[in-house]
Amino acid sequence: MTRPQSEQAPEPRPATAPPPTDRPSAVDPSIARVPSVRAVAKPELDPRVRDSAFLKTLRGEEAPHTPVWFMRQAGRYMPEYRALRAGKSMLDCIRTPELAAEITLQPIGAMPLDAAILFNDILTPLPTMGLDLDFVGGVGPLIGNPIQTPADVDRLGVPATGETMPYTAESIRLLVPELNARGIPLIGFVGAPFTLASYAIEGKGSRNYERTKRFMYAEPAAWERLMGKFEALLADYLTEQVKAGASAVQIFDSWVGALSVYDYRTFVKPATGRLIERVKALGVPVIYFGTGATHLMPDMSELGSDVMGADWRTPLDQAWGLIQPGQRIQGNLDPLLLQAPWRELKFQTDRILREAGGRPGHVFNVGHGLLPETPQTMVHRLTDYVHEQTRR
């Protein structure tokens with residue numbers, strides 16, 4: 001069955017026939033300007049990092065304890081972060097390698113976490129493509145010129161990220177020696193194509209992603225071009241992060257749970273699968289995470305990431321049963337529990353550890369990012385507790 005399309009992708013033609021000129025193709029030639037992912041020269045992994053609990057777990061090996069890190073672990077719940085951010089914009093901090101490195105290290109210096117994640121934002125690439133991004137206090141990210149038409153998609157640039165975002169690689173190069181000395185791996189990351197597309201079309205966060213879905217349904221050829229642009233740009237960006245020294249990467253598909261299984265398979269899975277395939281060729285573990293996406297986990301796991309992230313809505317053992325044999329899992333504490341009394345946090349942490357059952361391949365994390373109101377003392381206490389309860 002062929003879906004109706006307002007902007008049909010061109011029918012296959014014999015090789016001798018000229019390409020159609022009356023409408024754009026579903027494939028954008030500008031993508032060719034971004035280097036394809038290939039084997040990259042990356043720093044030799046420090047033995048202390050290679051043998052860390054985090055990387056052993058990501059490889060499916062027995063680790064000395066269940067590793068712990070938290071999404072948004074470098075952030076507004078820390079007084080040191082708020083002090084450093086005073087008078088500085090989010091983008092200023094991201095684009096200043098010394099500041100980004102210092103913020104990344106703040107939770108590592110304060111707590112016995114098993115991995116660091118680069119201080120960055122999934123939306124950082126959008127301005128390099130021509131989208132007017134700003135982070136507004138009390139509101140969040142806003143895009144002044146959101147995508148509304150196929151022509152808007154075609155105007156988006158796909159620049160080489162080493163040239164447009166050199167500060168990211170420089171931040172990583174500053175961090176790696178500090179983290180090596182502690183035996184701590186560094187996680188690089190990007191947003192997934194669908195999640196970035198949803199921000200680019202909505203112009204801000206959304207509950208139902210109505211504009212995104214309308215565009216996806218009404219302009220499937222333009223949507224395919226948009227996903228292809230993000231696929232190329234994000235693969236290149238992760239390549240730069242790995243070349244600089246990131247020892248694992250996470251792909252955040254934060255808003256993919258808004259889709260049905262059919263829509264994920266039709267509109268999202270192909271480009272995301274190509275992205276994961278290209279990133280796995282870099283030779284570092286890949287984590288793929290979505291929020292509210294339990295119904296999509298079987299399809300998401302088929303894309304071949306080493307680790308699947310699970311949010312808090314489904315028991316960990318059930319989520320583990322939805323992914324591929326041998327695949328590892330990350331999660332899945334409700335982040336709000338870190339604001340609950342210790343007795344409740346401890347009880348639910350014990351529940352998650354029971355669901356993990358001591359199996360190798362579990363990374364303890366929250367099921368989404370830490371909230372600004374989170375007491376740092378609880379983050380520290382929880383980290384210690386998981387280590388104590390899982391020491392082998």
# chains A, B, ... in the order shown; residues from 1 in each chain; ligands from 1
>>> residues_around(residues="Ala356 (chain A)", least_positions_apart="2", cutoff="12 Å", atoms="only C-alpha atoms", output="NGL selection string")
:A and (66 or 315-321 or 328-332 or 349-354 or 358-364 or 390)
>>> closest_atom_pairs(of="region 236-309 of chain A", to="region 108-115 of chain A", cutoff="12 Å", atoms="only C-alpha atoms", output="JSON lines")
{"residue": "A:Ala246", "atom": "CA", "partner": "A:Ala115", "partner_atom": "CA", "distance": 10.9}
{"residue": "A:Ser247", "atom": "CA", "partner": "A:Ala115", "partner_atom": "CA", "distance": 9.9}
{"residue": "A:Ala248", "atom": "CA", "partner": "A:Ala115", "partner_atom": "CA", "distance": 9.6}
{"residue": "A:Val249", "atom": "CA", "partner": "A:Ala115", "partner_atom": "CA", "distance": 11.3}
>>> closest_residue(among="A:Thr57, A:Thr291, A:Thr104, A:Gln148", to="Gly188 (chain A)", atoms="only C-alpha atoms")
A:Thr104
>>> residues_around(residues="Thr212 (chain A)", least_positions_apart="4", cutoff="10 Å", atoms="only C-alpha atoms", output="number ranges by chain")
A: 147-148, 194-195, 197-203, 206, 208, 216-218, 223
>>> write_last_selection(atoms="N, CA and C atoms", output="PDB file, in the first residue's frame")
ATOM      1  N   ILE A 147      10.995  24.993  11.541  1.00  0.00           N
ATOM      2  CA  ILE A 147      10.674  24.431  10.232  1.00  0.00           C
ATOM      3  C   ILE A 147       9.153  24.385  10.058  1.00  0.00           C
ATOM      4  N   GLN A 148       8.686  24.916   8.928  1.00  0.00           N
ATOM      5  CA  GLN A 148       7.256  24.895   8.638  1.00  0.00           C
ATOM      6  C   GLN A 148       6.937  24.288   7.273  1.00  0.00           C
ATOM      7  N   PHE A 194      14.776  11.952  15.378  1.00  0.00           N
ATOM      8  CA  PHE A 194      13.386  12.343  15.605  1.00  0.00           C
ATOM      9  C   PHE A 194      13.286  13.434  16.664  1.00  0.00           C
ATOM     10  N   THR A 195      14.020  13.291  17.751  1.00  0.00           N
ATOM     11  CA  THR A 195      13.919  14.266  18.835  1.00  0.00           C
ATOM     12  C   THR A 195      14.399  15.633  18.377  1.00  0.00           C
ATOM     13  N   ALA A 197      14.391  16.683  15.257  1.00  0.00           N
ATOM     14  CA  ALA A 197      13.389  17.156  14.293  1.00  0.00           C
ATOM     15  C   ALA A 197      12.169  17.724  15.004  1.00  0.00           C
ATOM     16  N   SER A 198      11.774  17.099  16.105  1.00  0.00           N
ATOM     17  CA  SER A 198      10.591  17.586  16.808  1.00  0.00           C
ATOM     18  C   SER A 198      10.840  18.968  17.396  1.00  0.00           C
ATOM     19  N   TYR A 199      12.035  19.203  17.953  1.00  0.00           N
ATOM     20  CA  TYR A 199      12.354  20.549  18.438  1.00  0.00           C
ATOM     21  C   TYR A 199      12.398  21.544  17.286  1.00  0.00           C
ATOM     22  N   ALA A 200      13.014  21.137  16.169  1.00  0.00           N
ATOM     23  CA  ALA A 200      13.172  22.053  15.036  1.00  0.00           C
ATOM     24  C   ALA A 200      11.824  22.454  14.449  1.00  0.00           C
ATOM     25  N   ILE A 201      10.843  21.571  14.495  1.00  0.00           N
ATOM     26  CA  ILE A 201       9.522  21.863  13.928  1.00  0.00           C
ATOM     27  C   ILE A 201       8.629  22.560  14.945  1.00  0.00           C
ATOM     28  N   GLU A 202       8.631  22.087  16.181  1.00  0.00           N
ATOM     29  CA  GLU A 202       7.780  22.702  17.213  1.00  0.00           C
ATOM     30  C   GLU A 202       8.296  24.083  17.616  1.00  0.00           C
ATOM     31  N   GLY A 203       9.597  24.270  17.568  1.00  0.00           N
ATOM     32  CA  GLY A 203      10.201  25.533  18.008  1.00  0.00           C
ATOM     33  C   GLY A 203      10.437  25.583  19.508  1.00  0.00           C
ATOM     34  N   SER A 206       7.243  20.252  23.704  1.00  0.00           N
ATOM     35  CA  SER A 206       5.821  20.056  23.421  1.00  0.00           C
ATOM     36  C   SER A 206       5.319  18.843  24.200  1.00  0.00           C
ATOM     37  N   ASN A 208       2.442  16.979  22.916  1.00  0.00           N
ATOM     38  CA  ASN A 208       1.863  16.038  21.964  1.00  0.00           C
ATOM     39  C   ASN A 208       2.545  16.036  20.600  1.00  0.00           C
ATOM     40  N   MET A 216       5.200  15.370   9.454  1.00  0.00           N
ATOM     41  CA  MET A 216       5.642  14.016   9.115  1.00  0.00           C
ATOM     42  C   MET A 216       4.628  13.327   8.207  1.00  0.00           C
ATOM     43  N   TYR A 217       3.337  13.490   8.527  1.00  0.00           N
ATOM     44  CA  TYR A 217       2.291  12.853   7.740  1.00  0.00           C
ATOM     45  C   TYR A 217       2.058  13.575   6.407  1.00  0.00           C
ATOM     46  N   ALA A 218       2.130  14.891   6.424  1.00  0.00           N
ATOM     47  CA  ALA A 218       1.782  15.665   5.226  1.00  0.00           C
ATOM     48  C   ALA A 218       2.919  15.751   4.228  1.00  0.00           C
ATOM     49  N   TRP A 223      10.204  15.063   5.137  1.00  0.00           N
ATOM     50  CA  TRP A 223      10.566  14.452   6.421  1.00  0.00           C
ATOM     51  C   TRP A 223      11.764  13.520   6.253  1.00  0.00           C
TER      52      TRP A 223
END
>>> residues_around(residues="Lys346 (chain A)", least_positions_apart="5", cutoff="12 Å", atoms="only C-alpha atoms", output="ChimeraX atom specification")
/A:333,337-341,351-353,378-379,381-386,389
>>> residues_around(residues="Pro298 (chain A)", least_positions_apart="5", cutoff="9 Å", atoms="only C-alpha atoms", output="ChimeraX atom specification")
/A:322-324
>>> write_last_selection(atoms="all heavy atoms", output="PDB file, in the first residue's frame")
ATOM      1  N   LEU A 322      12.139  -7.134  26.875  1.00  0.00           N
ATOM      2  CA  LEU A 322      11.685  -6.574  25.604  1.00  0.00           C
ATOM      3  C   LEU A 322      12.819  -6.328  24.619  1.00  0.00           C
ATOM      4  O   LEU A 322      12.574  -5.971  23.467  1.00  0.00           O
ATOM      5  CB  LEU A 322      10.955  -5.245  25.850  1.00  0.00           C
ATOM      6  CG  LEU A 322       9.664  -5.335  26.662  1.00  0.00           C
ATOM      7  CD1 LEU A 322       9.131  -3.930  26.965  1.00  0.00           C
ATOM      8  CD2 LEU A 322       8.606  -6.155  25.924  1.00  0.00           C
ATOM      9  N   ILE A 323      14.074  -6.483  25.068  1.00  0.00           N
ATOM     10  CA  ILE A 323      15.213  -6.142  24.220  1.00  0.00           C
ATOM     11  C   ILE A 323      15.892  -7.404  23.706  1.00  0.00           C
ATOM     12  O   ILE A 323      15.483  -8.522  24.021  1.00  0.00           O
ATOM     13  CB  ILE A 323      16.198  -5.212  24.959  1.00  0.00           C
ATOM     14  CG1 ILE A 323      16.803  -5.901  26.185  1.00  0.00           C
ATOM     15  CG2 ILE A 323      15.474  -3.931  25.367  1.00  0.00           C
ATOM     16  CD1 ILE A 323      17.791  -5.022  26.948  1.00  0.00           C
ATOM     17  N   GLN A 324      16.924  -7.239  22.911  1.00  0.00           N
ATOM     18  CA  GLN A 324      17.576  -8.363  22.250  1.00  0.00           C
ATOM     19  C   GLN A 324      18.391  -9.197  23.242  1.00  0.00           C
ATOM     20  O   GLN A 324      18.962  -8.665  24.196  1.00  0.00           O
ATOM     21  CB  GLN A 324      18.504  -7.842  21.148  1.00  0.00           C
ATOM     22  CG  GLN A 324      17.795  -7.067  20.058  1.00  0.00           C
ATOM     23  CD  GLN A 324      16.814  -7.914  19.278  1.00  0.00           C
ATOM     24  OE1 GLN A 324      17.188  -8.921  18.684  1.00  0.00           O
ATOM     25  NE2 GLN A 324      15.548  -7.512  19.274  1.00  0.00           N
TER      26      GLN A 324
END
>>> closest_residue(among="A:Arg182, A:Lys280, A:Arg211, A:Lys269", to="Ser301 (chain A)", atoms="only C-alpha atoms")
A:Lys269
>>> select_by_dssp(residues="region 70-250 of chain A", states="strand (DSSP E)", output="PyMOL selection string")
chain A and resi 116-117+133-136+140-143+186-191+248-250
>>> closest_residue(among="A:Ile276, A:Val261, A:Val49, A:Ala232", to="Asp299 (chain A)", atoms="only C-alpha atoms")
A:Val261
>>> closest_residue(among="A:Arg225, A:Arg48, A:Lys204, A:Arg95", to="Thr164 (chain A)", atoms="only C-alpha atoms")
A:Arg95
>>> residues_around(residues="Ala235 (chain A)", least_positions_apart="4", cutoff="8 Å", atoms="only C-alpha atoms", output="ChimeraX atom specification")
/A:37,231,239,275,278-279
>>> residues_around(residues="Leu174 (chain A)", least_positions_apart="4", cutoff="10 Å", atoms="only C-alpha atoms", output="compact mmCIF listing (two decimals) with N, CA and C atoms, in the first residue's frame")
# COMPACT_ATOMS: atom_id res chain seq x y z
N PRO A 97 35.33 25.67 26.26
CA PRO A 97 35.79 24.35 26.69
C PRO A 97 36.18 24.26 28.15
N GLU A 98 36.83 25.30 28.67
CA GLU A 98 37.25 25.25 30.08
C GLU A 98 36.04 25.17 31.01
N ALA A 100 32.91 24.07 30.13
CA ALA A 100 32.23 22.78 29.92
C ALA A 100 32.96 21.66 30.64
N ALA A 101 34.30 21.69 30.60
CA ALA A 101 35.07 20.65 31.28
C ALA A 101 34.90 20.75 32.80
N GLU A 102 34.92 21.97 33.32
CA GLU A 102 34.77 22.14 34.77
C GLU A 102 33.40 21.65 35.24
N ALA A 169 34.98 18.98 20.92
CA ALA A 169 36.17 18.12 20.95
C ALA A 169 37.23 18.67 21.89
N GLU A 170 37.37 19.98 21.94
CA GLU A 170 38.36 20.57 22.84
C GLU A 170 37.98 20.34 24.30
N GLU A 178 42.18 14.25 33.03
CA GLU A 178 41.64 14.32 34.39
C GLU A 178 40.86 13.06 34.72
N LEU A 179 40.04 12.60 33.79
CA LEU A 179 39.21 11.42 34.04
C LEU A 179 40.04 10.14 34.03
N ALA A 244 38.10 12.63 19.87
CA ALA A 244 38.68 13.45 20.93
C ALA A 244 38.90 12.66 22.22
N GLY A 245 38.19 11.51 22.39
CA GLY A 245 38.44 10.70 23.58
C GLY A 245 37.23 10.18 24.32
>>> select_by_dssp(residues="region 54-236 of chain A", states="alpha helix (DSSP H)", output="MDAnalysis selection string")
chainID A and resid 54:58 79:85 90:94 97:110 126:129 150:155 161:164 166:182 193:202 210:218 220:236
>>> decode(residues="region 168-198 of chain A", atoms="N, CA, C and O atoms", output="short mmCIF file (atom, residue, chain, number, x, y, z; two decimals), in the first residue's frame")
data_model
loop_
_atom_site.label_atom_id
_atom_site.label_comp_id
_atom_site.auth_asym_id
_atom_site.auth_seq_id
_atom_site.Cartn_x
_atom_site.Cartn_y
_atom_site.Cartn_z
N THR A 168 33.44 21.34 21.30
CA THR A 168 33.06 20.06 21.91
C THR A 168 34.27 19.14 22.02
O THR A 168 34.55 18.57 23.08
N ALA A 169 34.98 18.98 20.92
CA ALA A 169 36.17 18.12 20.95
C ALA A 169 37.23 18.67 21.89
O ALA A 169 37.90 17.90 22.59
N GLU A 170 37.37 19.98 21.94
CA GLU A 170 38.36 20.57 22.84
C GLU A 170 37.98 20.34 24.30
O GLU A 170 38.84 20.06 25.14
N SER A 171 36.70 20.43 24.62
CA SER A 171 36.25 20.12 25.98
C SER A 171 36.62 18.69 26.35
O SER A 171 37.10 18.42 27.47
N ILE A 172 36.42 17.77 25.43
CA ILE A 172 36.74 16.36 25.70
C ILE A 172 38.23 16.18 25.89
O ILE A 172 38.68 15.46 26.80
N ARG A 173 39.03 16.83 25.06
CA ARG A 173 40.48 16.70 25.19
C ARG A 173 40.97 17.24 26.53
O ARG A 173 41.93 16.72 27.11
N LEU A 174 40.31 18.27 27.04
CA LEU A 174 40.67 18.77 28.37
C LEU A 174 40.28 17.79 29.47
O LEU A 174 40.97 17.66 30.48
N LEU A 175 39.18 17.09 29.26
CA LEU A 175 38.64 16.21 30.29
C LEU A 175 39.37 14.88 30.41
O LEU A 175 39.54 14.34 31.51
N VAL A 176 39.78 14.33 29.29
CA VAL A 176 40.27 12.95 29.28
C VAL A 176 41.44 12.72 30.25
O VAL A 176 41.41 11.74 31.01
N PRO A 177 42.46 13.57 30.28
CA PRO A 177 43.55 13.31 31.24
C PRO A 177 43.07 13.31 32.69
O PRO A 177 43.50 12.48 33.50
N GLU A 178 42.18 14.25 33.03
CA GLU A 178 41.64 14.32 34.39
C GLU A 178 40.86 13.06 34.72
O GLU A 178 40.97 12.50 35.82
N LEU A 179 40.04 12.60 33.79
CA LEU A 179 39.21 11.42 34.04
C LEU A 179 40.04 10.14 34.03
O LEU A 179 39.78 9.21 34.80
N ASN A 180 41.04 10.07 33.15
CA ASN A 180 41.92 8.90 33.13
C ASN A 180 42.58 8.68 34.49
O ASN A 180 42.70 7.55 34.97
N ALA A 181 42.99 9.78 35.11
CA ALA A 181 43.67 9.68 36.41
C ALA A 181 42.74 9.08 37.47
O ALA A 181 43.23 8.49 38.44
N ARG A 182 41.44 9.23 37.27
CA ARG A 182 40.47 8.69 38.23
C ARG A 182 39.89 7.35 37.76
O ARG A 182 39.07 6.76 38.47
N GLY A 183 40.25 6.91 36.55
CA GLY A 183 39.67 5.69 35.99
C GLY A 183 38.22 5.83 35.61
O GLY A 183 37.45 4.87 35.67
N ILE A 184 37.81 7.03 35.20
CA ILE A 184 36.41 7.33 34.91
C ILE A 184 36.21 7.49 33.39
O ILE A 184 36.85 8.34 32.76
N PRO A 185 35.33 6.72 32.78
CA PRO A 185 35.03 6.89 31.35
C PRO A 185 34.21 8.16 31.12
O PRO A 185 33.48 8.63 32.01
N LEU A 186 34.31 8.67 29.90
CA LEU A 186 33.53 9.85 29.48
C LEU A 186 32.51 9.44 28.44
O LEU A 186 32.86 8.80 27.44
N ILE A 187 31.27 9.84 28.66
CA ILE A 187 30.19 9.56 27.72
C ILE A 187 29.98 10.81 26.84
O ILE A 187 29.73 11.90 27.35
N GLY A 188 30.08 10.64 25.54
CA GLY A 188 29.63 11.66 24.61
C GLY A 188 28.18 11.40 24.24
O GLY A 188 27.67 10.31 24.46
N PHE A 189 27.51 12.39 23.65
CA PHE A 189 26.10 12.15 23.33
C PHE A 189 25.58 13.09 22.26
O PHE A 189 26.18 14.13 21.98
N VAL A 190 24.46 12.68 21.69
CA VAL A 190 23.68 13.52 20.78
C VAL A 190 22.21 13.22 21.02
O VAL A 190 21.85 12.22 21.63
N GLY A 191 21.35 14.10 20.51
CA GLY A 191 19.94 13.77 20.40
C GLY A 191 19.72 12.95 19.15
O GLY A 191 20.48 13.02 18.19
N ALA A 192 18.69 12.10 19.15
CA ALA A 192 18.38 11.28 17.99
C ALA A 192 17.68 12.13 16.92
O ALA A 192 17.14 13.21 17.20
N PRO A 193 17.68 11.66 15.67
CA PRO A 193 17.07 12.45 14.59
C PRO A 193 15.63 12.87 14.87
O PRO A 193 15.27 14.03 14.64
N PHE A 194 14.78 11.95 15.38
CA PHE A 194 13.39 12.34 15.60
C PHE A 194 13.29 13.43 16.66
O PHE A 194 12.52 14.39 16.51
N THR A 195 14.02 13.29 17.75
CA THR A 195 13.92 14.27 18.83
C THR A 195 14.40 15.63 18.38
O THR A 195 13.77 16.66 18.70
N LEU A 196 15.48 15.69 17.61
CA LEU A 196 15.93 16.99 17.10
C LEU A 196 14.94 17.55 16.08
O LEU A 196 14.68 18.75 16.06
N ALA A 197 14.39 16.68 15.26
CA ALA A 197 13.39 17.16 14.29
C ALA A 197 12.17 17.72 15.00
O ALA A 197 11.61 18.74 14.57
N SER A 198 11.77 17.10 16.11
CA SER A 198 10.59 17.59 16.81
C SER A 198 10.84 18.97 17.40
O SER A 198 9.96 19.84 17.36
#
